[in-house]
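K.L.:
Before I ask anything, here is the structure I am working with.
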There are 2 protein chains.
Amino acid sequence: MAQCDHEAQHHLAAEAAKTNMPQEEDIGRVSALFKAISEPSRLKILFALRQGEMCVYHIVEAVGGTQSAVSHQLRILRDSRMIKARRDGQNIVYSLADEHVLAVLELVCTHVNCKI
Amino acid sequence: MAQCDHEAQHHLAAEAAKTNMPQEEDIGRVSALFKAISEPSRLKILFALRQGEMCVYHIVEAVGGTQSAVSHQLRILRDSRMIKARRDGQNIVYSLADEHVLAVLELVCTHVNCKI
DNA sequence: TTATTATATGAACAGTTATTCATATATTGA
DNA sequence: TCAATATATGAATAACTGTTCATATAATAA
């Protein structure tokens, strides 16, 4: 049993936390979203797409790495709805899914004090 | 070579992306930050701490799991500066590091609610 | 149709990470 | 001092993830 000096206060907070804890499913969705943008290669792709939509070839040109690796990462970003894709002839053109993506990126950059 | 219909436009975007790509070090810092909050167990801890500061025992009460596992996750969150700790007698009391943490959580929750 | 180009994907391997278990450290009270 | 409590941590293991390689799919042109 906990015997801390703030037993009553912390217990209330813990109870409130349990009450307000998002559903397991939502926790999973949010963590999946964070996970999608927690790898340097994927983060670079997102930063690159701030400049506008690009097909795979130019994304590879912008971020480096092999076409295969970039394709795999694009798939993950797409599955987690960070980016969207449309076919245009032989090419698939990718772009950021919506303004929330950019907002999250910039907010976190502020948090870590890095200039973008 | 890329032969897409938007060669000129995409090439410009790719060049701009390379020019504006954050330093490798900053990419690493941002992705590390996302990684810290991309696991369900850590995310639950952050959601719990929205209710206010808590000692380890009550965090365990709020999010479940073993004391050891929670302590390991607290360490990761602390190292990545998502939470801060202070000793209070026998207890270590944890709280969210600053308002950015909450802001990021809520922004992403909004994003998830809008989409998916 | 076949050849070429652009992109995607399955499998395997290497590197990473979360949990458990046992134990260590630190504080308090007797 | 010793015992009890609260928290942290090292090691081991299992699960997960990113990349590479080879190949598949899809669109276009000849």
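Quick note on naming: the chains in the structure tokens go A, B, ... in the order shown, residues restart at 1 in each chain, and ligands are numbered from 1 in order of appearance.
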Please produce chain A as a short mmCIF file (atom, residue, chain, number, x, y, z; two decimals) with N, CA and C atoms, in the first residue's frame once it has been superposed on chain B, the fit using all Cα atoms paired in sequence order.
P.N.:
```
data_model
loop_
_atom_site.label_atom_id
_atom_site.label_comp_id
_atom_site.auth_asym_id
_atom_site.auth_seq_id
_atom_site.Cartn_x
_atom_site.Cartn_y
_atom_site.Cartn_z
N MET A 1 16.90 7.82 -64.00
CA MET A 1 16.43 9.22 -63.96
C MET A 1 14.90 9.28 -63.95
N ALA A 2 14.40 10.23 -63.26
CA ALA A 2 12.95 10.40 -63.19
C ALA A 2 12.44 11.02 -64.48
N GLN A 3 11.32 10.55 -64.91
CA GLN A 3 10.76 11.07 -66.16
C GLN A 3 9.30 11.42 -65.94
N CYS A 4 8.96 11.88 -64.76
CA CYS A 4 7.56 12.14 -64.50
C CYS A 4 7.12 13.43 -65.16
N ASP A 5 5.84 13.59 -65.30
CA ASP A 5 5.28 14.76 -66.00
C ASP A 5 5.56 16.06 -65.26
N HIS A 6 5.91 15.94 -64.00
CA HIS A 6 6.13 17.14 -63.20
C HIS A 6 7.59 17.27 -62.81
N GLU A 7 8.44 16.80 -63.68
CA GLU A 7 9.88 16.78 -63.40
C GLU A 7 10.37 18.09 -62.80
N ALA A 8 10.08 19.19 -63.45
CA ALA A 8 10.60 20.48 -63.00
C ALA A 8 10.06 20.84 -61.62
N GLN A 9 8.76 20.71 -61.48
CA GLN A 9 8.12 21.06 -60.21
C GLN A 9 8.62 20.19 -59.07
N HIS A 10 8.67 18.87 -59.30
CA HIS A 10 9.10 17.97 -58.23
C HIS A 10 10.57 18.14 -57.91
N HIS A 11 11.36 18.41 -58.95
CA HIS A 11 12.78 18.59 -58.69
C HIS A 11 13.01 19.83 -57.82
N LEU A 12 12.24 20.88 -58.09
CA LEU A 12 12.35 22.09 -57.26
C LEU A 12 11.96 21.77 -55.83
N ALA A 13 10.88 21.01 -55.66
CA ALA A 13 10.44 20.64 -54.32
C ALA A 13 11.50 19.82 -53.62
N ALA A 14 12.11 18.89 -54.36
CA ALA A 14 13.15 18.05 -53.77
C ALA A 14 14.35 18.88 -53.34
N GLU A 15 14.72 19.84 -54.21
CA GLU A 15 15.85 20.71 -53.85
C GLU A 15 15.53 21.54 -52.62
N ALA A 16 14.31 22.09 -52.59
CA ALA A 16 13.89 22.88 -51.43
C ALA A 16 13.86 22.01 -50.19
N ALA A 17 13.41 20.76 -50.36
CA ALA A 17 13.35 19.84 -49.22
C ALA A 17 14.74 19.60 -48.66
N LYS A 18 15.71 19.41 -49.56
CA LYS A 18 17.07 19.18 -49.09
C LYS A 18 17.60 20.42 -48.36
N THR A 19 17.30 21.59 -48.93
CA THR A 19 17.77 22.83 -48.31
C THR A 19 17.16 23.03 -46.93
N ASN A 20 15.87 22.73 -46.82
CA ASN A 20 15.16 23.00 -45.57
C ASN A 20 15.11 21.82 -44.62
N MET A 21 15.72 20.72 -45.02
CA MET A 21 15.71 19.53 -44.14
C MET A 21 16.45 19.86 -42.84
N PRO A 22 15.80 19.58 -41.70
CA PRO A 22 16.47 19.83 -40.42
C PRO A 22 17.76 19.02 -40.31
N GLN A 23 18.66 19.50 -39.49
CA GLN A 23 19.91 18.78 -39.26
C GLN A 23 19.61 17.37 -38.76
N GLU A 24 20.53 16.48 -39.08
CA GLU A 24 20.41 15.09 -38.64
C GLU A 24 20.15 15.02 -37.13
N GLU A 25 20.80 15.87 -36.40
CA GLU A 25 20.66 15.88 -34.94
C GLU A 25 19.23 16.25 -34.51
N ASP A 26 18.67 17.25 -35.21
CA ASP A 26 17.30 17.67 -34.87
C ASP A 26 16.29 16.60 -35.28
N ILE A 27 16.51 15.99 -36.43
CA ILE A 27 15.65 14.88 -36.84
C ILE A 27 15.65 13.82 -35.76
N GLY A 28 16.84 13.53 -35.27
CA GLY A 28 16.96 12.52 -34.22
C GLY A 28 16.22 12.91 -32.96
N ARG A 29 16.29 14.18 -32.60
CA ARG A 29 15.62 14.63 -31.38
C ARG A 29 14.10 14.57 -31.53
N VAL A 30 13.62 15.00 -32.69
CA VAL A 30 12.17 14.99 -32.89
C VAL A 30 11.64 13.56 -32.96
N SER A 31 12.36 12.70 -33.69
CA SER A 31 11.87 11.33 -33.78
C SER A 31 11.95 10.64 -32.43
N ALA A 32 12.95 10.96 -31.65
CA ALA A 32 13.05 10.39 -30.30
C ALA A 32 11.85 10.82 -29.46
N LEU A 33 11.44 12.07 -29.65
CA LEU A 33 10.29 12.57 -28.90
C LEU A 33 9.03 11.82 -29.30
N PHE A 34 8.83 11.65 -30.60
CA PHE A 34 7.66 10.90 -31.06
C PHE A 34 7.72 9.46 -30.57
N LYS A 35 8.91 8.90 -30.63
CA LYS A 35 9.06 7.51 -30.22
C LYS A 35 8.70 7.35 -28.75
N ALA A 36 9.05 8.35 -27.97
CA ALA A 36 8.77 8.28 -26.53
C ALA A 36 7.28 8.14 -26.26
N ILE A 37 6.46 8.73 -27.11
CA ILE A 37 5.02 8.68 -26.86
C ILE A 37 4.30 7.76 -27.82
N SER A 38 5.04 6.85 -28.44
CA SER A 38 4.42 5.99 -29.44
C SER A 38 4.13 4.59 -28.90
N GLU A 39 4.32 4.37 -27.62
CA GLU A 39 3.98 3.08 -27.03
C GLU A 39 2.77 3.24 -26.13
N PRO A 40 1.80 2.34 -26.24
CA PRO A 40 0.56 2.45 -25.48
C PRO A 40 0.80 2.67 -23.98
N SER A 41 1.74 1.94 -23.42
CA SER A 41 1.95 2.07 -21.97
C SER A 41 2.44 3.46 -21.60
N ARG A 42 3.31 4.02 -22.44
CA ARG A 42 3.79 5.37 -22.14
C ARG A 42 2.70 6.41 -22.38
N LEU A 43 1.91 6.19 -23.43
CA LEU A 43 0.82 7.11 -23.72
C LEU A 43 -0.17 7.14 -22.55
N LYS A 44 -0.44 5.97 -21.98
CA LYS A 44 -1.35 5.91 -20.84
C LYS A 44 -0.81 6.72 -19.66
N ILE A 45 0.47 6.64 -19.44
CA ILE A 45 1.07 7.39 -18.35
C ILE A 45 0.87 8.89 -18.58
N LEU A 46 1.08 9.33 -19.81
CA LEU A 46 0.89 10.74 -20.11
C LEU A 46 -0.55 11.16 -19.90
N PHE A 47 -1.47 10.33 -20.38
CA PHE A 47 -2.89 10.65 -20.18
C PHE A 47 -3.21 10.71 -18.69
N ALA A 48 -2.66 9.78 -17.93
CA ALA A 48 -2.92 9.76 -16.50
C ALA A 48 -2.43 11.05 -15.84
N LEU A 49 -1.26 11.51 -16.25
CA LEU A 49 -0.67 12.68 -15.60
C LEU A 49 -1.38 13.98 -15.97
N ARG A 50 -2.33 13.90 -16.91
CA ARG A 50 -3.16 15.08 -17.16
C ARG A 50 -3.97 15.43 -15.92
N GLN A 51 -4.23 14.44 -15.08
CA GLN A 51 -5.04 14.68 -13.88
C GLN A 51 -4.24 15.37 -12.77
N GLY A 52 -2.96 15.48 -12.98
CA GLY A 52 -2.13 16.10 -11.96
C GLY A 52 -0.95 15.21 -11.60
N GLU A 53 -0.04 15.75 -10.81
CA GLU A 53 1.16 14.99 -10.47
C GLU A 53 0.80 13.77 -9.65
N MET A 54 1.61 12.74 -9.81
CA MET A 54 1.40 11.51 -9.06
C MET A 54 2.74 10.84 -8.77
N CYS A 55 2.78 10.10 -7.65
CA CYS A 55 3.96 9.29 -7.38
C CYS A 55 3.81 7.96 -8.13
N VAL A 56 4.86 7.18 -8.14
CA VAL A 56 4.90 5.97 -8.94
C VAL A 56 3.79 5.00 -8.57
N TYR A 57 3.56 4.85 -7.28
CA TYR A 57 2.55 3.90 -6.86
C TYR A 57 1.19 4.21 -7.49
N HIS A 58 0.84 5.49 -7.49
CA HIS A 58 -0.47 5.86 -8.03
C HIS A 58 -0.51 5.84 -9.54
N ILE A 59 0.64 6.05 -10.16
CA ILE A 59 0.69 5.89 -11.62
C ILE A 59 0.43 4.44 -11.98
N VAL A 60 1.04 3.55 -11.22
CA VAL A 60 0.80 2.11 -11.43
C VAL A 60 -0.68 1.81 -11.23
N GLU A 61 -1.25 2.40 -10.19
CA GLU A 61 -2.67 2.20 -9.91
C GLU A 61 -3.52 2.67 -11.10
N ALA A 62 -3.10 3.78 -11.71
CA ALA A 62 -3.89 4.38 -12.78
C ALA A 62 -3.76 3.63 -14.11
N VAL A 63 -2.57 3.16 -14.43
CA VAL A 63 -2.35 2.61 -15.77
C VAL A 63 -2.19 1.10 -15.80
N GLY A 64 -2.00 0.48 -14.63
CA GLY A 64 -1.81 -0.97 -14.62
C GLY A 64 -0.39 -1.37 -14.93
N GLY A 65 -0.12 -2.68 -14.92
CA GLY A 65 1.22 -3.19 -15.16
C GLY A 65 2.01 -3.27 -13.87
N THR A 66 3.24 -3.72 -13.98
CA THR A 66 4.07 -3.88 -12.79
C THR A 66 4.81 -2.59 -12.47
N GLN A 67 5.27 -2.49 -11.23
CA GLN A 67 6.03 -1.30 -10.83
C GLN A 67 7.30 -1.18 -11.65
N SER A 68 7.94 -2.31 -11.91
CA SER A 68 9.19 -2.28 -12.67
C SER A 68 8.97 -1.76 -14.09
N ALA A 69 7.96 -2.29 -14.75
CA ALA A 69 7.70 -1.86 -16.12
C ALA A 69 7.37 -0.37 -16.17
N VAL A 70 6.56 0.08 -15.21
CA VAL A 70 6.20 1.50 -15.18
C VAL A 70 7.44 2.35 -14.94
N SER A 71 8.31 1.91 -14.03
CA SER A 71 9.53 2.65 -13.76
C SER A 71 10.40 2.78 -15.01
N HIS A 72 10.50 1.68 -15.74
CA HIS A 72 11.30 1.73 -16.97
C HIS A 72 10.70 2.75 -17.95
N GLN A 73 9.40 2.75 -18.07
CA GLN A 73 8.76 3.68 -19.00
C GLN A 73 8.88 5.12 -18.51
N LEU A 74 8.77 5.31 -17.21
CA LEU A 74 8.94 6.65 -16.65
C LEU A 74 10.33 7.18 -16.98
N ARG A 75 11.29 6.29 -16.93
CA ARG A 75 12.66 6.69 -17.25
C ARG A 75 12.76 7.20 -18.68
N ILE A 76 12.11 6.47 -19.59
CA ILE A 76 12.17 6.87 -20.99
C ILE A 76 11.46 8.21 -21.20
N LEU A 77 10.31 8.37 -20.58
CA LEU A 77 9.57 9.63 -20.71
C LEU A 77 10.35 10.79 -20.10
N ARG A 78 11.06 10.49 -19.04
CA ARG A 78 11.84 11.52 -18.37
C ARG A 78 13.05 11.90 -19.21
N ASP A 79 13.74 10.90 -19.76
CA ASP A 79 14.91 11.16 -20.59
C ASP A 79 14.54 11.99 -21.82
N SER A 80 13.31 11.77 -22.31
CA SER A 80 12.90 12.53 -23.49
C SER A 80 12.15 13.81 -23.10
N ARG A 81 12.18 14.12 -21.82
CA ARG A 81 11.65 15.39 -21.29
C ARG A 81 10.15 15.58 -21.51
N MET A 82 9.43 14.47 -21.58
CA MET A 82 7.98 14.59 -21.64
C MET A 82 7.42 14.81 -20.24
N ILE A 83 8.08 14.27 -19.25
CA ILE A 83 7.65 14.43 -17.87
C ILE A 83 8.83 14.88 -17.03
N LYS A 84 8.52 15.42 -15.87
CA LYS A 84 9.58 15.79 -14.94
C LYS A 84 9.31 15.13 -13.60
N ALA A 85 10.35 15.01 -12.81
CA ALA A 85 10.24 14.31 -11.53
C ALA A 85 10.84 15.16 -10.43
N ARG A 86 10.28 15.00 -9.25
CA ARG A 86 10.92 15.61 -8.09
C ARG A 86 10.79 14.64 -6.93
N ARG A 87 11.79 14.60 -6.11
CA ARG A 87 11.71 13.73 -4.95
C ARG A 87 10.91 14.42 -3.86
N ASP A 88 10.10 13.63 -3.16
CA ASP A 88 9.34 14.14 -2.03
C ASP A 88 9.36 13.04 -0.97
N GLY A 89 10.34 13.13 -0.11
CA GLY A 89 10.49 12.09 0.90
C GLY A 89 10.89 10.78 0.25
N GLN A 90 10.14 9.73 0.54
CA GLN A 90 10.45 8.44 -0.06
C GLN A 90 9.94 8.34 -1.50
N ASN A 91 9.10 9.28 -1.88
CA ASN A 91 8.45 9.16 -3.18
C ASN A 91 9.10 10.03 -4.24
N ILE A 92 8.92 9.60 -5.48
CA ILE A 92 9.26 10.44 -6.61
C ILE A 92 7.93 10.84 -7.24
N VAL A 93 7.73 12.15 -7.36
CA VAL A 93 6.46 12.65 -7.88
C VAL A 93 6.66 13.11 -9.32
N TYR A 94 5.85 12.57 -10.21
CA TYR A 94 5.99 12.88 -11.64
C TYR A 94 4.86 13.79 -12.11
N SER A 95 5.19 14.61 -13.12
CA SER A 95 4.17 15.47 -13.73
C SER A 95 4.58 15.74 -15.18
N LEU A 96 3.61 16.19 -15.98
CA LEU A 96 3.91 16.53 -17.37
C LEU A 96 4.94 17.65 -17.39
N ALA A 97 5.84 17.59 -18.36
CA ALA A 97 6.96 18.54 -18.39
C ALA A 97 6.48 19.97 -18.65
N ASP A 98 5.57 20.14 -19.58
CA ASP A 98 5.07 21.48 -19.89
C ASP A 98 3.81 21.39 -20.73
N GLU A 99 3.29 22.54 -21.12
CA GLU A 99 2.00 22.56 -21.81
C GLU A 99 2.09 22.03 -23.24
N HIS A 100 3.31 21.98 -23.80
CA HIS A 100 3.45 21.45 -25.16
C HIS A 100 3.05 19.98 -25.22
N VAL A 101 3.38 19.26 -24.16
CA VAL A 101 3.07 17.83 -24.13
C VAL A 101 1.57 17.62 -24.30
N LEU A 102 0.82 18.35 -23.50
CA LEU A 102 -0.64 18.24 -23.58
C LEU A 102 -1.15 18.69 -24.94
N ALA A 103 -0.55 19.76 -25.45
CA ALA A 103 -0.99 20.28 -26.75
C ALA A 103 -0.78 19.25 -27.86
N VAL A 104 0.36 18.59 -27.83
CA VAL A 104 0.63 17.57 -28.86
C VAL A 104 -0.37 16.44 -28.75
N LEU A 105 -0.60 15.97 -27.53
CA LEU A 105 -1.55 14.89 -27.32
C LEU A 105 -2.92 15.23 -27.90
N GLU A 106 -3.38 16.43 -27.58
CA GLU A 106 -4.73 16.79 -27.99
C GLU A 106 -4.85 17.04 -29.48
N LEU A 107 -3.79 17.58 -30.05
CA LEU A 107 -3.81 17.82 -31.49
C LEU A 107 -3.89 16.50 -32.25
N VAL A 108 -3.11 15.53 -31.80
CA VAL A 108 -3.12 14.24 -32.48
C VAL A 108 -4.45 13.52 -32.28
N CYS A 109 -5.02 13.68 -31.09
CA CYS A 109 -6.33 13.08 -30.87
C CYS A 109 -7.35 13.65 -31.84
N THR A 110 -7.27 14.94 -32.08
CA THR A 110 -8.15 15.55 -33.06
C THR A 110 -7.93 14.94 -34.43
N HIS A 111 -6.66 14.74 -34.75
CA HIS A 111 -6.32 14.18 -36.05
C HIS A 111 -6.93 12.80 -36.24
N VAL A 112 -6.89 11.99 -35.21
CA VAL A 112 -7.41 10.63 -35.36
C VAL A 112 -8.89 10.54 -34.97
N ASN A 113 -9.50 11.70 -34.73
CA ASN A 113 -10.93 11.72 -34.44
C ASN A 113 -11.31 10.89 -33.22
N CYS A 114 -10.50 10.95 -32.19
CA CYS A 114 -10.91 10.25 -30.99
C CYS A 114 -11.18 11.25 -29.88
N LYS A 115 -12.26 11.01 -29.21
CA LYS A 115 -12.67 11.91 -28.13
C LYS A 115 -11.91 11.55 -26.85
N ILE A 116 -11.34 12.51 -26.21
CA ILE A 116 -10.60 12.25 -24.98
C ILE A 116 -11.30 12.88 -23.79
#
```
K.L.:
Among chain B, which ones does DSSP place in helix (DSSP H, G or I), written as a PyMOL selection string?
P.N.:
chain B and resi 7-20+24-36+40-49+56-63+67-79+99-114
K.L.:
If we count only C-alpha atoms (C1' of nucleotides), what is near DA22 (chain C) at a cut-off of 12 Å, once residues fewer than 3 positions away on the same chain are taken out, given as a list in words?
P.N.:
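After dropping sequence-adjacent residues, the list is Ser68 of chain B; DT9, DG10, DA11 and DA12 of chain D.
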K.L.:
What does the file look like for those residues with N, CA and C atoms (P, O5', C5', C4', C3', O3' and C1' of nucleotides), as a PDB file, in the first residue's frame?
P.N.:
```pdb
ATOM      1  N   SER B  68       7.817  -2.410 -11.610  1.00  0.00           N
ATOM      2  CA  SER B  68       9.083  -2.384 -12.332  1.00  0.00           C
ATOM      3  C   SER B  68       8.898  -1.850 -13.755  1.00  0.00           C
TER       4      SER B  68
ATOM      5  P    DT D   9      17.546   4.491 -12.115  1.00  0.00           P
ATOM      6  O5'  DT D   9      18.097   3.015 -12.365  1.00  0.00           O
ATOM      7  C5'  DT D   9      18.857   2.397 -11.318  1.00  0.00           C
ATOM      8  C4'  DT D   9      19.195   0.968 -11.723  1.00  0.00           C
ATOM      9  C3'  DT D   9      19.356   0.737 -13.231  1.00  0.00           C
ATOM     10  O3'  DT D   9      20.456  -0.137 -13.408  1.00  0.00           O
ATOM     11  C1'  DT D   9      17.871  -0.813 -12.375  1.00  0.00           C
ATOM     12  P    DG D  10      21.554   0.160 -14.507  1.00  0.00           P
ATOM     13  O5'  DG D  10      22.214  -1.268 -14.747  1.00  0.00           O
ATOM     14  C5'  DG D  10      22.713  -1.996 -13.616  1.00  0.00           C
ATOM     15  C4'  DG D  10      22.676  -3.487 -13.886  1.00  0.00           C
ATOM     16  C3'  DG D  10      22.966  -3.887 -15.321  1.00  0.00           C
ATOM     17  O3'  DG D  10      23.775  -5.060 -15.309  1.00  0.00           O
ATOM     18  C1'  DG D  10      20.805  -4.658 -14.718  1.00  0.00           C
ATOM     19  P    DA D  11      24.311  -5.680 -16.655  1.00  0.00           P
ATOM     20  O5'  DA D  11      23.402  -6.971 -16.824  1.00  0.00           O
ATOM     21  C5'  DA D  11      23.090  -7.754 -15.657  1.00  0.00           C
ATOM     22  C4'  DA D  11      22.249  -8.951 -16.057  1.00  0.00           C
ATOM     23  C3'  DA D  11      22.502  -9.489 -17.458  1.00  0.00           C
ATOM     24  O3'  DA D  11      22.345 -10.896 -17.420  1.00  0.00           O
ATOM     25  C1'  DA D  11      20.252  -8.800 -17.281  1.00  0.00           C
ATOM     26  P    DA D  12      22.705 -11.774 -18.723  1.00  0.00           P
ATOM     27  O5'  DA D  12      21.293 -12.391 -19.138  1.00  0.00           O
ATOM     28  C5'  DA D  12      20.499 -13.038 -18.142  1.00  0.00           C
ATOM     29  C4'  DA D  12      19.126 -13.339 -18.714  1.00  0.00           C
ATOM     30  C3'  DA D  12      19.152 -13.880 -20.142  1.00  0.00           C
ATOM     31  O3'  DA D  12      18.307 -15.014 -20.232  1.00  0.00           O
ATOM     32  C1'  DA D  12      17.735 -11.972 -20.000  1.00  0.00           C
TER      33       DA D  12
END
```
K.L.:
One decimal, Å: what's the distance from C1' of DC21 (chain C) over to C1' of DC2 (chain D), could you say?
P.N.:
26.1 Å
K.L.:
Could you name the residues that touch region 8-17 of chain C at 10 Å or less, counting only C-alpha atoms (C1' of nucleotides), but leaving out those on the same chain fewer than 2 positions away, as a ChimeraX atom specification?
P.N.:
/A:67-68,71-72,75 /C:6,19 /D:15-26
K.L.:
With C-alpha atoms (C1' of nucleotides) retained, write the just-selected residues as a tab-separated table (two decimals), in the first residue's frame.
P.N.:
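Result went into again30.tsv, see below:
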```
chain	number	residue	atom	x	y	z
A	67	GLN	CA	13.33	3.26	-53.42
A	68	SER	CA	12.26	0.11	-51.61
A	71	SER	CA	8.14	2.76	-50.36
A	72	HIS	CA	7.90	0.72	-47.19
A	75	ARG	CA	3.12	2.60	-46.75
C	6	DA	C1'	7.31	3.54	-61.55
C	19	DT	C1'	8.63	-6.77	-19.98
D	15	DA	C1'	8.48	-9.34	-29.50
D	16	DC	C1'	8.83	-5.74	-32.74
D	17	DT	C1'	10.76	-2.90	-36.54
D	18	DG	C1'	13.69	-1.08	-40.50
D	19	DT	C1'	16.38	-2.29	-44.25
D	20	DT	C1'	17.83	-5.04	-48.10
D	21	DC	C1'	17.07	-8.11	-51.85
D	22	DA	C1'	14.40	-10.10	-55.10
D	23	DT	C1'	10.27	-10.00	-57.27
D	24	DA	C1'	5.50	-8.52	-58.29
D	25	DT	C1'	2.08	-5.22	-59.97
D	26	DA	C1'	0.50	-1.44	-62.75
```
K.L.:
Using only C-alpha atoms (C1' of nucleotides), find each residue in chain C having at least one atom no more than 8 Å away from chain B; report its shortest atom-to-atom pair and that distance in Å (one decimal), rows by chain then rising number, as JSON lines.
P.N.:
```
{"residue": "C:DT19", "atom": "C1'", "partner": "B:Ala69", "partner_atom": "CA", "distance": 6.5}
{"residue": "C:DA26", "atom": "C1'", "partner": "B:Gln90", "partner_atom": "CA", "distance": 7.7}
{"residue": "C:DT27", "atom": "C1'", "partner": "B:Gln90", "partner_atom": "CA", "distance": 4.9}
{"residue": "C:DT28", "atom": "C1'", "partner": "B:Gln90", "partner_atom": "CA", "distance": 7.2}
```
K.L.:
Go ahead and save the residues from that selection, with N, CA and C atoms (P, O5', C5', C4', C3', O3' and C1' of nucleotides), as an mmCIF file, in the first residue's frame.
P.N.:
```
data_model
loop_
_atom_site.group_PDB
_atom_site.id
_atom_site.type_symbol
_atom_site.label_atom_id
_atom_site.label_comp_id
_atom_site.auth_asym_id
_atom_site.auth_seq_id
_atom_site.Cartn_x
_atom_site.Cartn_y
_atom_site.Cartn_z
ATOM 1 P P DT C 19 5.775 -2.603 -21.569
ATOM 2 O "O5'" DT C 19 6.124 -3.968 -20.816
ATOM 3 C "C5'" DT C 19 5.762 -5.209 -21.424
ATOM 4 C "C4'" DT C 19 6.510 -6.343 -20.771
ATOM 5 C "C3'" DT C 19 6.379 -6.396 -19.247
ATOM 6 O "O3'" DT C 19 5.626 -7.549 -18.886
ATOM 7 C "C1'" DT C 19 8.633 -6.768 -19.981
ATOM 8 P P DA C 26 21.785 5.595 -3.084
ATOM 9 O "O5'" DA C 26 20.435 6.094 -2.434
ATOM 10 C "C5'" DA C 26 19.323 6.386 -3.275
ATOM 11 C "C4'" DA C 26 18.117 6.663 -2.414
ATOM 12 C "C3'" DA C 26 18.444 7.409 -1.113
ATOM 13 O "O3'" DA C 26 17.447 8.385 -0.926
ATOM 14 C "C1'" DA C 26 17.267 5.443 -0.616
ATOM 15 P P DT C 27 17.754 9.705 -0.032
ATOM 16 O "O5'" DT C 27 16.536 9.723 1.002
ATOM 17 C "C5'" DT C 27 15.209 9.613 0.495
ATOM 18 C "C4'" DT C 27 14.318 8.957 1.515
ATOM 19 C "C3'" DT C 27 14.381 9.560 2.918
ATOM 20 O "O3'" DT C 27 13.147 10.200 3.170
ATOM 21 C "C1'" DT C 27 14.267 7.184 2.959
ATOM 22 P P DT C 28 12.958 11.147 4.463
ATOM 23 O "O5'" DT C 28 12.260 10.140 5.484
ATOM 24 C "C5'" DT C 28 11.061 9.469 5.092
ATOM 25 C "C4'" DT C 28 10.736 8.387 6.100
ATOM 26 C "C3'" DT C 28 10.786 8.851 7.549
ATOM 27 O "O3'" DT C 28 9.489 8.745 8.104
ATOM 28 C "C1'" DT C 28 11.870 6.752 7.249
#
```
K.L.:
Could you please determine the separation between C1' of DA6 (chain D) and C1' of DG29 (chain C) in Å, to one decimal place?
P.N.:
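These atoms are spaced 14.1 Å apart.
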K.L.:
I need the strand (DSSP E or B) residues of chain B per DSSP on the backbone, written as a ChimeraX atom specification.
P.N.:
/B:54-55,83-88,91-96
K.L.:
Go ahead and write the selection's residues with N, CA and C atoms as a compact mmCIF listing (two decimals), in the first residue's frame.
P.N.:
```txt
# COMPACT_ATOMS: atom_id res chain seq x y z
N MET B 54 1.65 12.72 -9.47
CA MET B 54 1.40 11.48 -8.74
C MET B 54 2.71 10.77 -8.43
N CYS B 55 2.74 10.03 -7.32
CA CYS B 55 3.89 9.20 -7.03
C CYS B 55 3.74 7.87 -7.79
N ILE B 83 8.33 14.24 -18.78
CA ILE B 83 7.86 14.38 -17.41
C ILE B 83 9.05 14.81 -16.53
N LYS B 84 8.71 15.34 -15.37
CA LYS B 84 9.77 15.69 -14.42
C LYS B 84 9.45 15.01 -13.09
N ALA B 85 10.48 14.87 -12.27
CA ALA B 85 10.33 14.17 -11.01
C ALA B 85 10.92 14.99 -9.89
N ARG B 86 10.32 14.84 -8.72
CA ARG B 86 10.94 15.43 -7.53
C ARG B 86 10.75 14.44 -6.40
N ARG B 87 11.75 14.38 -5.55
CA ARG B 87 11.63 13.50 -4.40
C ARG B 87 10.83 14.18 -3.31
N ASP B 88 9.97 13.42 -2.66
CA ASP B 88 9.20 13.92 -1.53
C ASP B 88 9.18 12.82 -0.48
N ASN B 91 8.91 9.07 -1.45
CA ASN B 91 8.28 8.97 -2.76
C ASN B 91 8.97 9.84 -3.80
N ILE B 92 8.81 9.44 -5.03
CA ILE B 92 9.18 10.27 -6.16
C ILE B 92 7.88 10.70 -6.82
N VAL B 93 7.70 12.01 -6.91
CA VAL B 93 6.45 12.53 -7.45
C VAL B 93 6.69 13.00 -8.89
N TYR B 94 5.90 12.48 -9.78
CA TYR B 94 6.05 12.81 -11.20
C TYR B 94 4.96 13.75 -11.69
N SER B 95 5.31 14.57 -12.68
CA SER B 95 4.32 15.45 -13.31
C SER B 95 4.76 15.72 -14.75
N LEU B 96 3.82 16.19 -15.55
CA LEU B 96 4.16 16.54 -16.93
C LEU B 96 5.20 17.64 -16.93
```
